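Peer 1: Have a look at this one before I ask anything.
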Amino acid sequence: MLNYKNPKLSIAERVEDLIGRMTFEEKIDQITCLVTISEDIPNFKEHIPQGIGNVGAFTVSDNVEKIAMYVDVLQKYLVNETRLGIPALIHCEACAGAQFTEADVFPSAIAQASTFEPDLVEKMADIIRKQMLYVGFRQALSPVVDITRDPRWGRITETYGEDATLTSFMASAFVKGIQTDNLKEGLMATAKHYVGHGITEGGLNMGRNLVSERDLMEIHCKPFQCAITEANLASVMNSYCSMNGEPVVGSKKLLTDQLREKMGFSGIVVSDYLSVDRMIDPFRVADTYEEAGIRAIKAGLDVEYPRPKGFSYKLQEEIKNGKLNMEIVDTAVRRVLKMKFALGLFENPYPDLEKLKKELHLESTKKFNEEMAKKSFTLLKNNYHILPLSDKNCTIAVIGPHGDSLRSLFGTFSYPAVLDMTMSREEDGQEFEEPGVIIYDIEQKYVGQVREASPRIEKRIQREFPKSQSLFQALQSYLPGADIKYAKGINCAGTDLGGMQEAVDLAAGADIVILTLGGKNGWGITSTVGEGVDATNIDLPGKQEEFARKIYELHKKTIVLHYDGRPLSNEYVASHFDAIMEVWQPGEMGSQALCKTLFGEYNPAGRLPVTVARNTGQLPIYYGLPRGSGYVAAGHTGMIRNKNGYINDTAFPLYYFGHGLSYSDFEYSDIQLLNDKLCSNDTINLSVKIKNIGNMNGEEVVQFYFSDEVSSMVRPSMELAGFQRVFLKKGETKQITFRMKVSQMAFLNQQMEWIVEEGKVNLLVGASSNDIRLSTSILLLNSAIIDERTRGFYAETCIE
């Protein structure tokens, strides 16, 4: 047996034995990628005669058996017919479910964040892990840990929101669920997009990142560092953007100096699709693909997706010319091989269809999916206790573009969105510019055009997700004694008003009106928000507000449900309607979950993971604004003071970070500290009591913040320390104890060293960032430089 095939040897020994046997071409093949898009399984010998290191998964088929067959044929070819028999590392997207035929689809990432329950995310990731593992996909191109503070950016739906602590907690949970403690039973998680990708100029995807070095390290690197430290993150994907004049994909400062040397990352760095190409166009920092490839691999990029352009056989000539050192190529190859050995790919790279079948279409997964959706729903307003509804024999008018739509349940980077994109591209007559590279040209007949998707897409989703129901369908099943009718009224883009009067008339005759509003998440010209689908307007699309005004004028009992990945930023709807719920994209069991929530079988407790702007003019707006900036500075010291912030408007948000209501009320009391004088290496122990004083069992999300009284650098007005979602029966009291390392309060001093600084720190506990119920303070007795890798990232909790 060759040493690299001997599982009894160490990974390091196997890597060195294998790399010593490889030709230059075989090494390059390991750091490049193949993506094939065809109905039939291709002849791999034609595509990759010497092998390939990485493969973008074949994910859309009539059934999962064909996908497993693709993997089986591919890996058997690589293992049995190439010289060294190196299996491929196959990847697919997975932020809301494994993105392939028959896999479960969960609520979108922004909805997951709204649960404020990382354990749910870890459990979801474990389900995804099993489905991907048994189909033969061993790398998840997830989670997205970008911090987003600009809802113009269409990828907000893929993120965990605006806060680095919440994102860190969720990211760590996702990575733990995907990778497990033993990679042989897990997948490689890929945190993206390193780094600062969510803060781009003008809110446009892939633009320049307007991030200071301090914010980059304190805020945007934090979720990556947390996943590295806590979960041994296996892979990172670079951002498409440029920062400080450098494309991230070609920045040694970011990919090596910061990520590897400062943050201690030891996994592989993969390129986002075509990001190496972008060094030629639009960045114009390289003249040829070879130049781009040399810059990227020298910077610290290990693998180029989706095909070999910068990392090609032509690099051998550049090595001969002295432009590239062979050791740099070998380093990237070693990292890839190390991961393949750690995953156990050399022992078993094949799918297991029998085990896969046992993990698909499970009733237990459907129930979990429904639970996750219920926990994501965020009740923004409930005047006069309109919700929960109680009359199950009434007349209900379901109106609006999402009321009878399955597509509305799913966000970008979900399998239904892929189906939508694929079918929409076909309808547009778009062909592939080169094999395996999906480019969707948005060709509008006029500026601002959003085309309606074909009815074929709804039919296809219904066929592939037979247990999914639209809200209208779910209500009919849930309320057999009620008279439920539906009228669309207006399309999702808000441009087709032809059915408005029908919907208004239907609403006028109903006892209860359920008004569905919001955008459509996905790719291309049929979506209002998504990857590459950015907007100057964060309001309801088109004339949806006009539609909402006509419904309000009826003065009927109306519940507004907002479906979108971008939060509801409409002052008219927020101020006029009495019951409003943020639904996000709740996944394949979302409608069933909504029925139970609307009628009180479940008591909502979701919380906003973002601060909601009133309009685009307020951007950026977030709860952790540095002192002296934005709404937190309105009316403070200055020659001219304006407590409203703007002369023509208020600077204060429509909804605050952490906001969310319940059908119950909760009382906070008895805040206590184990010790109020601490040193830099100590742990804060803070406890509070929470009592359900309402008439229903329910959950409360208890939020713990801290605020430095005085510091040597300008700090955020407040920072999230931790949180706990807790269930309480009516009349029940529980004690929540938060344990937070003092090092979690560390920041960068003037010398850019991580320090904890002596002095008074205020500790705040409440139901949102703007609803603080209790407070106390501690005194830090000493200042100290701390290790950024091992600092605290979020407070741990205990419920008694």
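Chain identifiers are assigned as A, B, and so on, following the order in which chains appear in the structure tokens; residues are numbered from 1 within each chain, and ligands are numbered from 1 in order of appearance.
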Taking 5 positions as the minimum chain separation for residues in the same chain, which residues sit within 9 Å of Gln112 (chain A) when counting only C-alpha atoms? Answer as a list in words.

Peer 2: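 So the residues in contact are Ala96, Phe106, Pro107, Glu117, Pro118, Leu120, Val121, Tyr160, Met170, Met372, Ala373, Lys375, Ser376 and Pro586 of chain A.
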
Peer 1: Residues near region 446-452 of chain A, anyone? I mean within 10 Å using only C-alpha atoms, not counting same-chain ones fewer than 5 positions away, as a PDB file with N, CA, C and O atoms, in the first residue's frame.

Peer 2:
```pdb
ATOM      1  N   SER A 424     -36.250  31.012 -15.134  1.00  0.00           N
ATOM      2  CA  SER A 424     -36.339  32.388 -15.624  1.00  0.00           C
ATOM      3  C   SER A 424     -35.267  32.665 -16.678  1.00  0.00           C
ATOM      4  O   SER A 424     -35.522  33.356 -17.676  1.00  0.00           O
ATOM      5  N   ASN A 491     -49.262  42.698  -7.815  1.00  0.00           N
ATOM      6  CA  ASN A 491     -48.155  41.752  -7.928  1.00  0.00           C
ATOM      7  C   ASN A 491     -47.028  42.125  -6.976  1.00  0.00           C
ATOM      8  O   ASN A 491     -47.026  43.187  -6.351  1.00  0.00           O
ATOM      9  N   CYS A 492     -46.054  41.232  -6.846  1.00  0.00           N
ATOM     10  CA  CYS A 492     -44.976  41.400  -5.869  1.00  0.00           C
ATOM     11  C   CYS A 492     -44.136  42.644  -6.170  1.00  0.00           C
ATOM     12  O   CYS A 492     -43.695  43.339  -5.262  1.00  0.00           O
ATOM     13  N   ALA A 493     -43.908  42.915  -7.448  1.00  0.00           N
ATOM     14  CA  ALA A 493     -43.125  44.084  -7.824  1.00  0.00           C
ATOM     15  C   ALA A 493     -43.895  45.380  -7.607  1.00  0.00           C
ATOM     16  O   ALA A 493     -43.324  46.471  -7.671  1.00  0.00           O
ATOM     17  N   GLY A 494     -45.198  45.255  -7.360  1.00  0.00           N
ATOM     18  CA  GLY A 494     -46.016  46.432  -7.098  1.00  0.00           C
ATOM     19  C   GLY A 494     -46.332  47.256  -8.325  1.00  0.00           C
ATOM     20  O   GLY A 494     -46.585  48.455  -8.233  1.00  0.00           O
ATOM     21  N   THR A 495     -46.345  46.582  -9.496  1.00  0.00           N
ATOM     22  CA  THR A 495     -46.564  47.322 -10.736  1.00  0.00           C
ATOM     23  C   THR A 495     -47.897  47.000 -11.408  1.00  0.00           C
ATOM     24  O   THR A 495     -48.427  47.817 -12.158  1.00  0.00           O
ATOM     25  N   ASP A 496     -48.450  45.822 -11.151  1.00  0.00           N
ATOM     26  CA  ASP A 496     -49.702  45.412 -11.789  1.00  0.00           C
ATOM     27  C   ASP A 496     -50.862  45.664 -10.832  1.00  0.00           C
ATOM     28  O   ASP A 496     -51.037  44.950  -9.836  1.00  0.00           O
ATOM     29  N   GLY A 524     -31.909  37.785 -10.327  1.00  0.00           N
ATOM     30  CA  GLY A 524     -32.372  38.195 -11.644  1.00  0.00           C
ATOM     31  C   GLY A 524     -33.568  39.115 -11.658  1.00  0.00           C
ATOM     32  O   GLY A 524     -34.012  39.657 -10.646  1.00  0.00           O
ATOM     33  N   ILE A 525     -34.137  39.237 -12.846  1.00  0.00           N
ATOM     34  CA  ILE A 525     -35.127  40.263 -13.142  1.00  0.00           C
ATOM     35  C   ILE A 525     -36.495  39.989 -12.534  1.00  0.00           C
ATOM     36  O   ILE A 525     -37.355  40.859 -12.514  1.00  0.00           O
ATOM     37  N   THR A 526     -36.713  38.801 -11.990  1.00  0.00           N
ATOM     38  CA  THR A 526     -38.009  38.499 -11.374  1.00  0.00           C
ATOM     39  C   THR A 526     -37.994  38.724  -9.860  1.00  0.00           C
ATOM     40  O   THR A 526     -38.975  38.413  -9.183  1.00  0.00           O
ATOM     41  N   SER A 527     -36.900  39.252  -9.317  1.00  0.00           N
ATOM     42  CA  SER A 527     -36.782  39.449  -7.872  1.00  0.00           C
ATOM     43  C   SER A 527     -36.617  40.921  -7.533  1.00  0.00           C
ATOM     44  O   SER A 527     -36.171  41.729  -8.359  1.00  0.00           O
ATOM     45  N   THR A 528     -36.968  41.268  -6.289  1.00  0.00           N
ATOM     46  CA  THR A 528     -36.798  42.639  -5.815  1.00  0.00           C
ATOM     47  C   THR A 528     -35.647  42.775  -4.832  1.00  0.00           C
ATOM     48  O   THR A 528     -35.242  43.878  -4.489  1.00  0.00           O
ATOM     49  N   ALA A 535     -31.059  47.808  -4.284  1.00  0.00           N
ATOM     50  CA  ALA A 535     -32.081  48.816  -4.560  1.00  0.00           C
ATOM     51  C   ALA A 535     -31.734  50.147  -3.901  1.00  0.00           C
ATOM     52  O   ALA A 535     -31.097  50.187  -2.844  1.00  0.00           O
ATOM     53  N   PRO A 541     -42.109  47.409  -2.387  1.00  0.00           N
ATOM     54  CA  PRO A 541     -41.909  47.528  -3.833  1.00  0.00           C
ATOM     55  C   PRO A 541     -43.102  48.193  -4.529  1.00  0.00           C
ATOM     56  O   PRO A 541     -44.267  47.983  -4.159  1.00  0.00           O
ATOM     57  N   GLY A 542     -42.787  48.975  -5.550  1.00  0.00           N
ATOM     58  CA  GLY A 542     -43.806  49.543  -6.433  1.00  0.00           C
ATOM     59  C   GLY A 542     -44.899  50.278  -5.687  1.00  0.00           C
ATOM     60  O   GLY A 542     -44.643  51.131  -4.839  1.00  0.00           O
TER      61      GLY A 542
END
```

Peer 1: Applying 7 Å and only C-alpha atoms, which residues near Tyr656 (chain A) remain after dropping the ones on its own chain fewer than 6 positions away? List them as a ChimeraX atom specification.

Peer 2: /A:611-612,769-770

Peer 1: So which residues touch Asn54 (chain A) within 9 Å, counting only C-alpha atoms, skipping near sequence neighbours fewer than 4 positions away, as a list in words?

Peer 2: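 Once the adjacent positions are removed, what remains is Asp29, Gln30, Ile31, Thr32, Cys33, Leu34, Val35, Pro87, Ala88, Leu89, Ile90, His91, Val303, Tyr305 and Pro306 of chain A.
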
Peer 1: Let me make sure I understand: among A:Thr200, A:Thr395, A:Gln139, A:Ser664, which one has the smallest atom-to-atom distance to Gln179 (chain A) if we use only C-alpha atoms?

Peer 2: A:Gln139

Peer 1: Pick out the residues sitting within 10 Å of region 692-695 of chain A, and hand them over as a PyMOL selection string; count only C-alpha atoms, and ignore anything fewer than 2 positions along from it in its own chain.

Peer 2: chain A and resi 662-668+690+697-700+727-734

Peer 1: Keeping only N, CA and C atoms, write those residues as a compact mmCIF listing (two decimals), in the first residue's frame.

Peer 2:
```
# COMPACT_ATOMS: atom_id res chain seq x y z
N SER A 662 -44.92 39.87 22.21
CA SER A 662 -45.49 38.58 22.55
C SER A 662 -46.97 38.77 22.84
N TYR A 663 -47.72 37.69 22.89
CA TYR A 663 -49.10 37.76 23.35
C TYR A 663 -49.17 37.84 24.87
N SER A 664 -48.02 37.70 25.53
CA SER A 664 -47.92 37.81 26.98
C SER A 664 -47.10 39.04 27.34
N ASP A 665 -47.09 39.36 28.63
CA ASP A 665 -46.24 40.42 29.16
C ASP A 665 -45.29 39.80 30.18
N PHE A 666 -44.10 40.43 30.32
CA PHE A 666 -43.07 39.87 31.19
C PHE A 666 -42.51 40.95 32.09
N GLU A 667 -42.26 40.58 33.31
CA GLU A 667 -41.74 41.50 34.31
C GLU A 667 -40.30 41.12 34.65
N TYR A 668 -39.41 42.12 34.68
CA TYR A 668 -37.99 41.92 35.01
C TYR A 668 -37.75 42.43 36.43
N ILE A 690 -37.22 36.79 35.63
CA ILE A 690 -38.22 37.11 34.63
C ILE A 690 -39.51 36.41 35.01
N ASN A 697 -49.03 31.18 28.19
CA ASN A 697 -47.65 30.70 28.22
C ASN A 697 -46.90 31.35 27.07
N GLY A 698 -45.64 31.62 27.27
CA GLY A 698 -44.90 32.26 26.20
C GLY A 698 -43.41 32.30 26.44
N GLU A 699 -42.69 32.89 25.50
CA GLU A 699 -41.24 33.00 25.58
C GLU A 699 -40.83 34.47 25.59
N GLU A 700 -39.76 34.75 26.30
CA GLU A 700 -39.17 36.08 26.30
C GLU A 700 -37.72 35.95 25.90
N PHE A 727 -38.70 30.03 28.02
CA PHE A 727 -40.13 29.73 28.05
C PHE A 727 -40.64 29.84 29.48
N LEU A 728 -41.79 30.51 29.62
CA LEU A 728 -42.40 30.69 30.94
C LEU A 728 -43.90 30.44 30.86
N LYS A 729 -44.38 29.57 31.70
CA LYS A 729 -45.82 29.41 31.82
C LYS A 729 -46.39 30.68 32.45
N LYS A 730 -47.67 30.93 32.24
CA LYS A 730 -48.26 32.13 32.82
C LYS A 730 -48.13 32.06 34.34
N GLY A 731 -47.65 33.16 34.92
CA GLY A 731 -47.42 33.23 36.34
C GLY A 731 -46.08 32.70 36.81
N GLU A 732 -45.32 32.08 35.90
CA GLU A 732 -44.06 31.45 36.29
C GLU A 732 -42.91 32.46 36.30
N THR A 733 -41.97 32.24 37.21
CA THR A 733 -40.76 33.06 37.31
C THR A 733 -39.53 32.17 37.14
N LYS A 734 -38.54 32.65 36.38
CA LYS A 734 -37.27 31.96 36.24
C LYS A 734 -36.13 32.97 36.39
```

Peer 1: Using DSSP on the backbone coordinates, identify all residues within region 569-780 of chain A classified as strand (DSSP E or B); present the result as a VMD selection string.

Peer 2: chain A and resid 579 to 582 612 626 645 650 655 661 666 to 673 677 to 678 683 to 692 698 to 708 716 719 to 728 733 to 741 747 to 748 754 to 756 759 to 768 771 to 780

Peer 1: From a backbone DSSP assignment, name each residue in region 183-289 of chain A labelled helix (DSSP H, G or I), as a ChimeraX atom specification.

Peer 2: /A:183-185,201-203,213-220,222-231,248-250,252-262,277-279,289

Peer 1: Using only C-alpha atoms, which protein or nucleic acid residues come within 12 Å of Gln476 (chain A)? Drop anything in the same chain fewer than 6 positions from it, and give the result as a ChimeraX atom specification.

Peer 2: /A:392-398,404,469-470,482-486,591-592,595
